[in-house]
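Working notes, beginning with the structure itself.
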Amino acid sequence: MNETRRAILEALSDGPVSGPELADSLEVSRAAVWKHVEELRKAGFDVESEPTGYRLEEVSAYSGPAVEFGLEAPFEIEYHDAIGSTNDRARELAGEGVADVVVLADEQTGGRGRLDREWAAPSGGVWASVVTRPAVAPLRAPLFTLAAAVATARAAREAGVDAGIKWPNDVVVPGGGEDSNGPEYHKLAGILTEMEGETDRVEWLVVGIGVNANVDRGSLPDGATSIRDEAGDVDRRRFVQRLLEEFESLRTDLESVVPAWSDLALTLGQRVRVDRPSGEVVGEAVDVTDSGALLVEPDEGSEGSDHVTVAAG
Ligand code: BTN
C-alpha cells in the first residue's frame, strides 16, 4: 500500500484527525490529504468527514489495501477480482524473484487442484497463493502444506466451523455419516503446494489455499461444503488476515507444525485411501514424520506389509 495512505490509516485508527493536522504530520499539502482520503474510500475504507476531522468508521472492502491494513504478518497482497489461477500468477511472481507476496482473488476461472484436477472457485471464496522462499531442503517442503492446512482450519474454527484436517491437506467438516472408508467428511478447503528448487535447497514455494467461504454448497462439487453453509458468511478480510497470521507463526517455527497438525488431524488412527502419482495406498494412518510425511500401514494384500510414507503435496 502507498506509504502516505498507510500513515493516514494509522493516524485515523486512534480517533478523528483533522485534514490540516494530517497534512502537517505527513508533510504533504491539504489537497494531497484529501486526494489520498478519496483513494482510500474507493478502496473500501469508510472514512467519515466530521467537524473534528476524518474518522475511520470501518473497513468493508475485500481488496489488497484492506487486507494489508491491520495484518500482523509481513505479506504484501496482490488482489484480483477475477483471475485464471492465483497459483499460476504466484508462480510468475516467484520466477521474478519476489517473496512474501500473496496473490488473492475473489474468483478464479481456471482454478487448479491436486493431481491435475480442476478446482471450482466461484466469486465469494477465498482463493489465495502465498509465495515464500524458505531456507530449507525440499524434504521439508511438505511442512508448509501442513502449516497452510493448520492455519486454514484454525481460521475456519474461529469463524464457527467445526473444521479438522484429513490427510494430506484437506480441511473438512464431519458429515455425520460413515461409509466403507470410515467417517464421512465434507471438504471445506484444499491446498496445492508447488515448488522450484535443487536437491538440497528450495528456491521458492507457492502455497495455494482454496477455501469455500461465502459460496453456496450447490455451486461446488458433490461432497464439498462452505463456511456459508456451515456457519453463515464470514468477513473475508478478517478471515484471510487470521489465516496468514497463523501461517506466519507456523512457518517461522517449523518444529511446531507437526504437533499443531496432529491436534487437528481427523485421520490418525483411521483407515485412509491416499492418491499418489505411483498409485493408491489404502491402510491405517499411524503417524506423521518430522518432515511432515504420513506413515501408512497398508491393508494386507496392498503394497506388502511394510509401512509406506506418503509425502504431503
Ligand atoms: C486440492 O485439490 O484439494 C487443492 C486445491 C487448491 C485450490 C487453490 S485455490 C487457490 C490456488 N489457486 C489454484 O489454482 N489452486 C489453489
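Residues are named by chain letter and number: chains run A, B, ... in the order of the C-alpha cells, numbers start at 1 in each chain, and ligands are numbered from 1 in the order shown.
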* To do: Could you give me, as a ChimeraX atom specification, the residues within 8 Å of stretch 169-180 of chain A, counting only C-alpha atoms and dropping anything in the same chain fewer than 5 positions from it?
  => /A:145-146,149,152-153,161-164,185-191,225,312-313
If you take only C-alpha atoms and all ligand atoms and a cut-off of 8 Å, which residues of chain A touch ligand 1, and what are their nearest atom pairs and distances in Å to one decimal, in chain and number order, as CSV?
```
residue,atom,partner,partner_atom_place_in_ligand_line,distance
A:Gly84,CA,ligand 1,14 (O),7.4
A:Ser85,CA,ligand 1,14 (O),4.1
A:Thr86,CA,ligand 1,12 (N),4.4
A:Asn87,CA,ligand 1,12 (N),4.3
A:Asp88,CA,ligand 1,14 (O),6.8
A:Leu104,CA,ligand 1,10 (C),7.9
A:Gln108,CA,ligand 1,14 (O),7.2
A:Gly110,CA,ligand 1,14 (O),6.4
A:Gly111,CA,ligand 1,14 (O),3.5
A:Arg112,CA,ligand 1,14 (O),3.7
A:Gly113,CA,ligand 1,2 (O),3.3
A:Arg114,CA,ligand 1,2 (O),3.8
A:Leu115,CA,ligand 1,2 (O),7.0
A:Arg117,CA,ligand 1,2 (O),6.6
A:Glu118,CA,ligand 1,2 (O),7.7
A:Trp119,CA,ligand 1,7 (C),5.8
A:Ala121,CA,ligand 1,9 (S),6.8
A:Val126,CA,ligand 1,9 (S),7.4
A:Trp127,CA,ligand 1,10 (C),4.1
A:Ala128,CA,ligand 1,10 (C),4.6
A:Ser129,CA,ligand 1,11 (C),5.4
A:Asn169,CA,ligand 1,3 (O),6.8
A:Asp170,CA,ligand 1,3 (O),5.9
A:Ala189,CA,ligand 1,3 (O),6.7
A:Gly190,CA,ligand 1,3 (O),3.5
A:Ile191,CA,ligand 1,4 (C),4.2
A:Leu192,CA,ligand 1,6 (C),4.5
A:Val207,CA,ligand 1,11 (C),7.5
A:Gly208,CA,ligand 1,11 (C),3.8
A:Ile209,CA,ligand 1,8 (C),4.4
A:Gly210,CA,ligand 1,9 (S),3.5
A:Val211,CA,ligand 1,9 (S),7.1
```
Residues just named, written with N, CA and C atoms as a short mmCIF file (atom, residue, chain, number, x, y, z; two decimals), in the first residue's frame:
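Wrote out.cif, looks like this:
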```cif
data_model
loop_
_atom_site.label_atom_id
_atom_site.label_comp_id
_atom_site.auth_asym_id
_atom_site.auth_seq_id
_atom_site.Cartn_x
_atom_site.Cartn_y
_atom_site.Cartn_z
N GLY A 84 -7.28 -16.32 -13.74
CA GLY A 84 -7.33 -17.75 -14.11
C GLY A 84 -7.06 -18.60 -12.87
N SER A 85 -5.81 -18.55 -12.41
CA SER A 85 -5.43 -19.30 -11.20
C SER A 85 -4.45 -18.45 -10.40
N THR A 86 -4.72 -18.27 -9.12
CA THR A 86 -3.78 -17.50 -8.28
C THR A 86 -2.44 -18.22 -8.21
N ASN A 87 -2.43 -19.57 -8.28
CA ASN A 87 -1.15 -20.28 -8.26
C ASN A 87 -0.32 -19.95 -9.50
N ASP A 88 -0.98 -19.84 -10.66
CA ASP A 88 -0.23 -19.52 -11.89
C ASP A 88 0.40 -18.14 -11.76
N LEU A 104 -4.31 -12.91 -4.27
CA LEU A 104 -5.64 -13.17 -3.70
C LEU A 104 -6.68 -12.83 -4.76
N GLN A 108 -11.78 -17.42 -9.43
CA GLN A 108 -10.80 -17.98 -10.36
C GLN A 108 -11.56 -18.66 -11.50
N GLY A 110 -9.85 -20.56 -13.77
CA GLY A 110 -9.12 -21.79 -14.12
C GLY A 110 -8.42 -22.35 -12.89
N GLY A 111 -9.15 -22.44 -11.79
CA GLY A 111 -8.55 -22.92 -10.54
C GLY A 111 -8.04 -24.35 -10.71
N ARG A 112 -6.89 -24.64 -10.11
CA ARG A 112 -6.28 -25.97 -10.23
C ARG A 112 -6.24 -26.67 -8.88
N GLY A 113 -6.55 -27.96 -8.89
CA GLY A 113 -6.47 -28.76 -7.67
C GLY A 113 -5.30 -29.73 -7.77
N ARG A 114 -5.16 -30.59 -6.76
CA ARG A 114 -4.09 -31.59 -6.78
C ARG A 114 -4.32 -32.59 -7.90
N LEU A 115 -3.25 -33.25 -8.30
CA LEU A 115 -3.30 -34.32 -9.29
C LEU A 115 -4.01 -33.88 -10.57
N ARG A 117 -6.40 -31.95 -11.15
CA ARG A 117 -7.86 -31.83 -11.17
C ARG A 117 -8.24 -30.36 -11.28
N GLU A 118 -9.48 -30.12 -11.73
CA GLU A 118 -9.99 -28.73 -11.73
C GLU A 118 -10.44 -28.39 -10.32
N TRP A 119 -10.42 -27.10 -10.01
CA TRP A 119 -10.87 -26.66 -8.68
C TRP A 119 -11.91 -25.56 -8.90
N ALA A 121 -13.95 -22.44 -8.29
CA ALA A 121 -13.58 -21.27 -7.47
C ALA A 121 -14.46 -20.07 -7.81
N VAL A 126 -12.34 -17.79 -0.83
CA VAL A 126 -11.01 -17.25 -0.50
C VAL A 126 -10.03 -18.08 -1.31
N TRP A 127 -9.49 -17.47 -2.36
CA TRP A 127 -8.55 -18.15 -3.26
C TRP A 127 -7.23 -17.39 -3.14
N ALA A 128 -6.24 -18.04 -2.55
CA ALA A 128 -5.01 -17.33 -2.19
C ALA A 128 -3.78 -18.18 -2.49
N SER A 129 -2.72 -17.56 -2.95
CA SER A 129 -1.45 -18.28 -3.17
C SER A 129 -0.32 -17.47 -2.57
N ASN A 169 -4.08 -32.70 3.03
CA ASN A 169 -4.22 -31.26 3.10
C ASN A 169 -5.65 -30.80 2.92
N ASP A 170 -6.59 -31.67 3.18
CA ASP A 170 -7.99 -31.26 3.05
C ASP A 170 -8.49 -30.76 4.39
N ALA A 189 -11.89 -26.90 2.31
CA ALA A 189 -10.74 -26.20 1.73
C ALA A 189 -9.69 -27.20 1.29
N GLY A 190 -8.87 -26.80 0.33
CA GLY A 190 -7.77 -27.65 -0.15
C GLY A 190 -6.52 -26.81 -0.36
N ILE A 191 -5.39 -27.48 -0.37
CA ILE A 191 -4.10 -26.79 -0.52
C ILE A 191 -3.35 -27.41 -1.70
N LEU A 192 -2.77 -26.59 -2.54
CA LEU A 192 -1.94 -27.07 -3.64
C LEU A 192 -0.58 -26.37 -3.54
N VAL A 207 2.26 -21.74 -2.12
CA VAL A 207 1.29 -22.50 -1.33
C VAL A 207 -0.10 -21.94 -1.67
N GLY A 208 -0.84 -22.70 -2.45
CA GLY A 208 -2.17 -22.26 -2.90
C GLY A 208 -3.23 -22.79 -1.95
N ILE A 209 -4.06 -21.88 -1.48
CA ILE A 209 -5.07 -22.23 -0.47
C ILE A 209 -6.45 -21.85 -1.02
N GLY A 210 -7.33 -22.82 -1.12
CA GLY A 210 -8.67 -22.54 -1.62
C GLY A 210 -9.69 -22.85 -0.54
N VAL A 211 -10.43 -21.84 -0.11
CA VAL A 211 -11.43 -22.03 0.95
C VAL A 211 -12.81 -21.68 0.40
#
```
* Can you tell me, as a VMD selection string, what residues are no more than 7 Å from A:Ser18 when counting only C-alpha atoms, ignoring any on the same chain fewer than 2 positions away? -> chain A and resid 16 20 to 22 52 to 54
How would the residues just chosen look if you wrote them out with N, CA and C atoms as a JSON list (two decimals), in the first residue's frame?
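What follows is the written file result-v6.json:
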```json
[["chain", "number", "residue", "atom", "x", "y", "z"],
["A", 16, "PRO", "N", -10.56, 10.60, 15.46],
["A", 16, "PRO", "CA", -10.60, 11.59, 14.38],
["A", 16, "PRO", "C", -9.36, 12.48, 14.35],
["A", 20, "PRO", "N", -5.78, 19.47, 8.28],
["A", 20, "PRO", "CA", -4.54, 20.23, 8.49],
["A", 20, "PRO", "C", -3.54, 19.48, 9.38],
["A", 21, "GLU", "N", -4.06, 18.81, 10.42],
["A", 21, "GLU", "CA", -3.13, 18.05, 11.30],
["A", 21, "GLU", "C", -2.44, 16.94, 10.51],
["A", 22, "LEU", "N", -3.23, 16.22, 9.68],
["A", 22, "LEU", "CA", -2.65, 15.14, 8.87],
["A", 22, "LEU", "C", -1.61, 15.70, 7.92],
["A", 52, "THR", "N", -14.74, 17.47, 13.66],
["A", 52, "THR", "CA", -13.40, 17.38, 14.28],
["A", 52, "THR", "C", -12.35, 16.81, 13.34],
["A", 53, "GLY", "N", -12.78, 16.30, 12.19],
["A", 53, "GLY", "CA", -11.80, 15.77, 11.24],
["A", 53, "GLY", "C", -12.26, 14.47, 10.60],
["A", 54, "TYR", "N", -11.33, 13.77, 10.02],
["A", 54, "TYR", "CA", -11.64, 12.50, 9.39],
["A", 54, "TYR", "C", -11.67, 11.39, 10.44]]
```
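Once A:Gly232 and its same-chain neighbours fewer than 3 positions away are set aside, Ala156, Ala159, Gly160, Val161, Asn212, Ala213, Asn214, Val215, Asp216, Arg217, Thr225, Ser226, Ile227, Arg228, Asp229, Asp235 and Arg236 of chain A remain within 12 Å of it when counting only C-alpha atoms.
Distances to A:Glu198 were evaluated for A:Val274, A:Ala137, A:Ala148, A:Leu26 using only C-alpha atoms, and the minimum falls at A:Ala137.
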* Where in stretch 93-309 of chain A does DSSP assign strand (DSSP E or B), given as a VMD selection string? -> chain A and resid 101 to 108 112 118 126 to 132 164 to 166 170 to 179 182 to 198 201 to 211 224 265 271 to 274 281 to 288 293 to 298 308 to 309
Contact table stretch 142-206 of chain A vs stretch 293-297 of chain A, cut-off 9 Å, shortest pair per residue, only C-alpha atoms, as CSV:
```
residue,atom,partner,partner_atom,distance
A:Pro142,CA,A:Ala293,CA,7.1
A:Leu143,CA,A:Ala293,CA,8.3
A:Trp167,CA,A:Leu294,CA,7.8
A:Pro168,CA,A:Leu294,CA,7.7
```
Keeping only N, CA and C atoms, write the selected residues as a CSV table (one decimal), in the first residue's frame.
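Once everything was written out, this is out38.csv:
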```
chain,number,residue,atom,x,y,z
A,142,PRO,N,6.9,-30.3,2.5
A,142,PRO,CA,5.6,-30.7,3.0
A,142,PRO,C,5.1,-30.0,4.2
A,143,LEU,N,6.1,-29.6,5.1
A,143,LEU,CA,5.7,-28.9,6.3
A,143,LEU,C,4.9,-27.6,6.0
A,167,TRP,N,-5.9,-36.1,5.9
A,167,TRP,CA,-4.7,-36.2,5.1
A,167,TRP,C,-4.9,-36.1,3.6
A,168,PRO,N,-4.0,-35.4,2.9
A,168,PRO,CA,-2.8,-34.7,3.5
A,168,PRO,C,-3.1,-33.3,3.8
```
Non-local contacts of stretch 90-95 of chain A (10 Å; only C-alpha atoms; under 6 positions in same chain excluded) as a compact mmCIF listing (two decimals) with N, CA and C atoms, in the first residue's frame:
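Output saved as around33.txt:
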```txt
# COMPACT_ATOMS: atom_id res chain seq x y z
N GLU A 78 -1.51 -8.99 -3.48
CA GLU A 78 -1.86 -8.60 -4.85
C GLU A 78 -3.26 -9.15 -5.11
N VAL A 101 4.69 -12.51 -1.02
CA VAL A 101 3.55 -11.87 -1.68
C VAL A 101 2.43 -12.89 -1.70
N VAL A 102 1.20 -12.42 -1.48
CA VAL A 102 0.04 -13.30 -1.55
C VAL A 102 -0.83 -12.84 -2.70
N VAL A 103 -1.07 -13.72 -3.65
CA VAL A 103 -2.00 -13.41 -4.74
C VAL A 103 -3.38 -13.86 -4.27
N LEU A 104 -4.31 -12.91 -4.27
CA LEU A 104 -5.64 -13.17 -3.70
C LEU A 104 -6.68 -12.83 -4.76
N ALA A 128 -6.24 -18.04 -2.55
CA ALA A 128 -5.01 -17.33 -2.19
C ALA A 128 -3.78 -18.18 -2.49
N SER A 129 -2.72 -17.56 -2.95
CA SER A 129 -1.45 -18.28 -3.17
C SER A 129 -0.32 -17.47 -2.57
N VAL A 130 0.40 -18.12 -1.65
CA VAL A 130 1.49 -17.45 -0.94
C VAL A 130 2.81 -17.81 -1.60
N VAL A 131 3.60 -16.79 -1.95
CA VAL A 131 4.96 -17.04 -2.46
C VAL A 131 5.92 -16.92 -1.29
N THR A 132 6.66 -18.00 -1.02
CA THR A 132 7.61 -17.96 0.09
C THR A 132 8.92 -18.59 -0.37
N ARG A 133 10.03 -18.13 0.19
CA ARG A 133 11.36 -18.63 -0.20
C ARG A 133 12.09 -19.09 1.06
N GLU A 194 3.27 -25.90 -4.77
CA GLU A 194 4.16 -26.12 -5.91
C GLU A 194 5.53 -25.57 -5.57
N MET A 195 6.56 -26.18 -6.17
CA MET A 195 7.91 -25.87 -5.70
C MET A 195 8.91 -25.81 -6.83
N GLU A 196 9.92 -24.98 -6.67
CA GLU A 196 11.08 -24.99 -7.57
C GLU A 196 12.29 -25.08 -6.65
N GLU A 203 14.05 -23.24 -3.82
CA GLU A 203 14.21 -21.86 -4.32
C GLU A 203 12.94 -21.06 -3.99
N TRP A 204 11.80 -21.60 -4.34
CA TRP A 204 10.55 -20.97 -3.91
C TRP A 204 9.46 -22.02 -3.75
N LEU A 205 8.49 -21.65 -2.94
CA LEU A 205 7.28 -22.46 -2.80
C LEU A 205 6.10 -21.56 -3.09
N VAL A 206 5.12 -22.09 -3.77
CA VAL A 206 3.82 -21.40 -3.91
C VAL A 206 2.82 -22.28 -3.18
N VAL A 207 2.26 -21.74 -2.12
CA VAL A 207 1.29 -22.50 -1.33
C VAL A 207 -0.10 -21.94 -1.67
N GLY A 208 -0.84 -22.70 -2.45
CA GLY A 208 -2.17 -22.26 -2.90
C GLY A 208 -3.23 -22.79 -1.95
```
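The coordinates place atom CA of A:Ala120 at 28.6 Å from atom CA of A:Asp263.
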* To do: Excluding stretch 253-258 of chain A and residues on its chain fewer than 3 positions from it, collect all residues at most 9 Å away from it, counting only C-alpha atoms, and give them as a ChimeraX atom specification.
  => /A:143-144,146-147,150,248-250,261-263,288-292
Any chance you could export the current selection's N, CA and C atoms as a short mmCIF file (atom, residue, chain, number, x, y, z; two decimals), in the first residue's frame?
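File again.cif, as written:
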```cif
data_model
loop_
_atom_site.label_atom_id
_atom_site.label_comp_id
_atom_site.auth_asym_id
_atom_site.auth_seq_id
_atom_site.Cartn_x
_atom_site.Cartn_y
_atom_site.Cartn_z
N LEU A 143 6.06 -29.58 5.06
CA LEU A 143 5.65 -28.89 6.30
C LEU A 143 4.87 -27.62 6.00
N PHE A 144 5.15 -26.99 4.86
CA PHE A 144 4.44 -25.75 4.52
C PHE A 144 3.00 -26.05 4.10
N LEU A 146 1.30 -28.62 5.35
CA LEU A 146 0.62 -28.91 6.62
C LEU A 146 0.35 -27.60 7.38
N ALA A 147 1.32 -26.67 7.33
CA ALA A 147 1.13 -25.38 8.03
C ALA A 147 -0.06 -24.64 7.45
N VAL A 150 -3.23 -26.25 8.73
CA VAL A 150 -3.49 -25.88 10.13
C VAL A 150 -4.01 -24.45 10.20
N GLU A 248 2.04 -17.52 9.24
CA GLU A 248 3.31 -16.87 9.57
C GLU A 248 3.91 -17.47 10.84
N SER A 249 3.06 -17.66 11.87
CA SER A 249 3.63 -18.15 13.13
C SER A 249 4.12 -19.60 12.96
N LEU A 250 3.50 -20.37 12.08
CA LEU A 250 3.94 -21.76 11.86
C LEU A 250 5.19 -21.82 10.97
N TRP A 261 -0.56 -29.85 13.58
CA TRP A 261 -1.33 -30.62 12.60
C TRP A 261 -1.99 -31.82 13.28
N SER A 262 -1.21 -32.52 14.13
CA SER A 262 -1.75 -33.71 14.79
C SER A 262 -2.96 -33.37 15.66
N ASP A 263 -2.93 -32.18 16.29
CA ASP A 263 -4.06 -31.77 17.14
C ASP A 263 -5.35 -31.65 16.35
N VAL A 288 2.82 -39.18 11.72
CA VAL A 288 3.39 -38.19 10.79
C VAL A 288 4.86 -38.03 11.14
N THR A 289 5.73 -38.04 10.13
CA THR A 289 7.17 -37.91 10.41
C THR A 289 7.52 -36.44 10.67
N ASP A 290 8.75 -36.22 11.17
CA ASP A 290 9.18 -34.84 11.46
C ASP A 290 9.16 -33.95 10.23
N SER A 291 9.36 -34.54 9.05
CA SER A 291 9.35 -33.71 7.85
C SER A 291 7.95 -33.60 7.23
N GLY A 292 6.95 -34.12 7.93
CA GLY A 292 5.58 -33.89 7.51
C GLY A 292 5.01 -34.93 6.56
#
```
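Take atom CA of A:Gln270 and atom CA of A:Glu284: the distance between them is 5.5 Å.
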* **Backbone DSSP call of alpha helix (DSSP H) for stretch 128-220 of chain A, listed as number ranges by chain** => A: 142-158
With stretch 65-74 of chain A as the partner and 8 Å as the cut-off, tabulate the residues of stretch 188-252 of chain A that qualify, each row holding the nearest pair of atoms and their distance in Å to one decimal, using only C-alpha atoms, sorted by chain and rising number, as a tab-separated table.
```
residue	atom	partner	partner_atom	distance
A:Arg237	CA	A:Val67	CA	5.4
A:Arg238	CA	A:Val67	CA	7.5
A:Val240	CA	A:Val67	CA	7.3
A:Gln241	CA	A:Leu71	CA	5.5
A:Leu244	CA	A:Ala73	CA	6.7
A:Glu245	CA	A:Ala73	CA	5.4
A:Glu248	CA	A:Ala73	CA	6.3
```
* Do you have the atom CA of A:Val282-atom CA of A:Gly182 distance handy? -> 11.8 Å
* Shortest interatomic distance to A:Ala43 - which of A:Ile83, A:Pro122, A:Asn2, A:Glu246, counting only C-alpha atoms -> A:Asn2
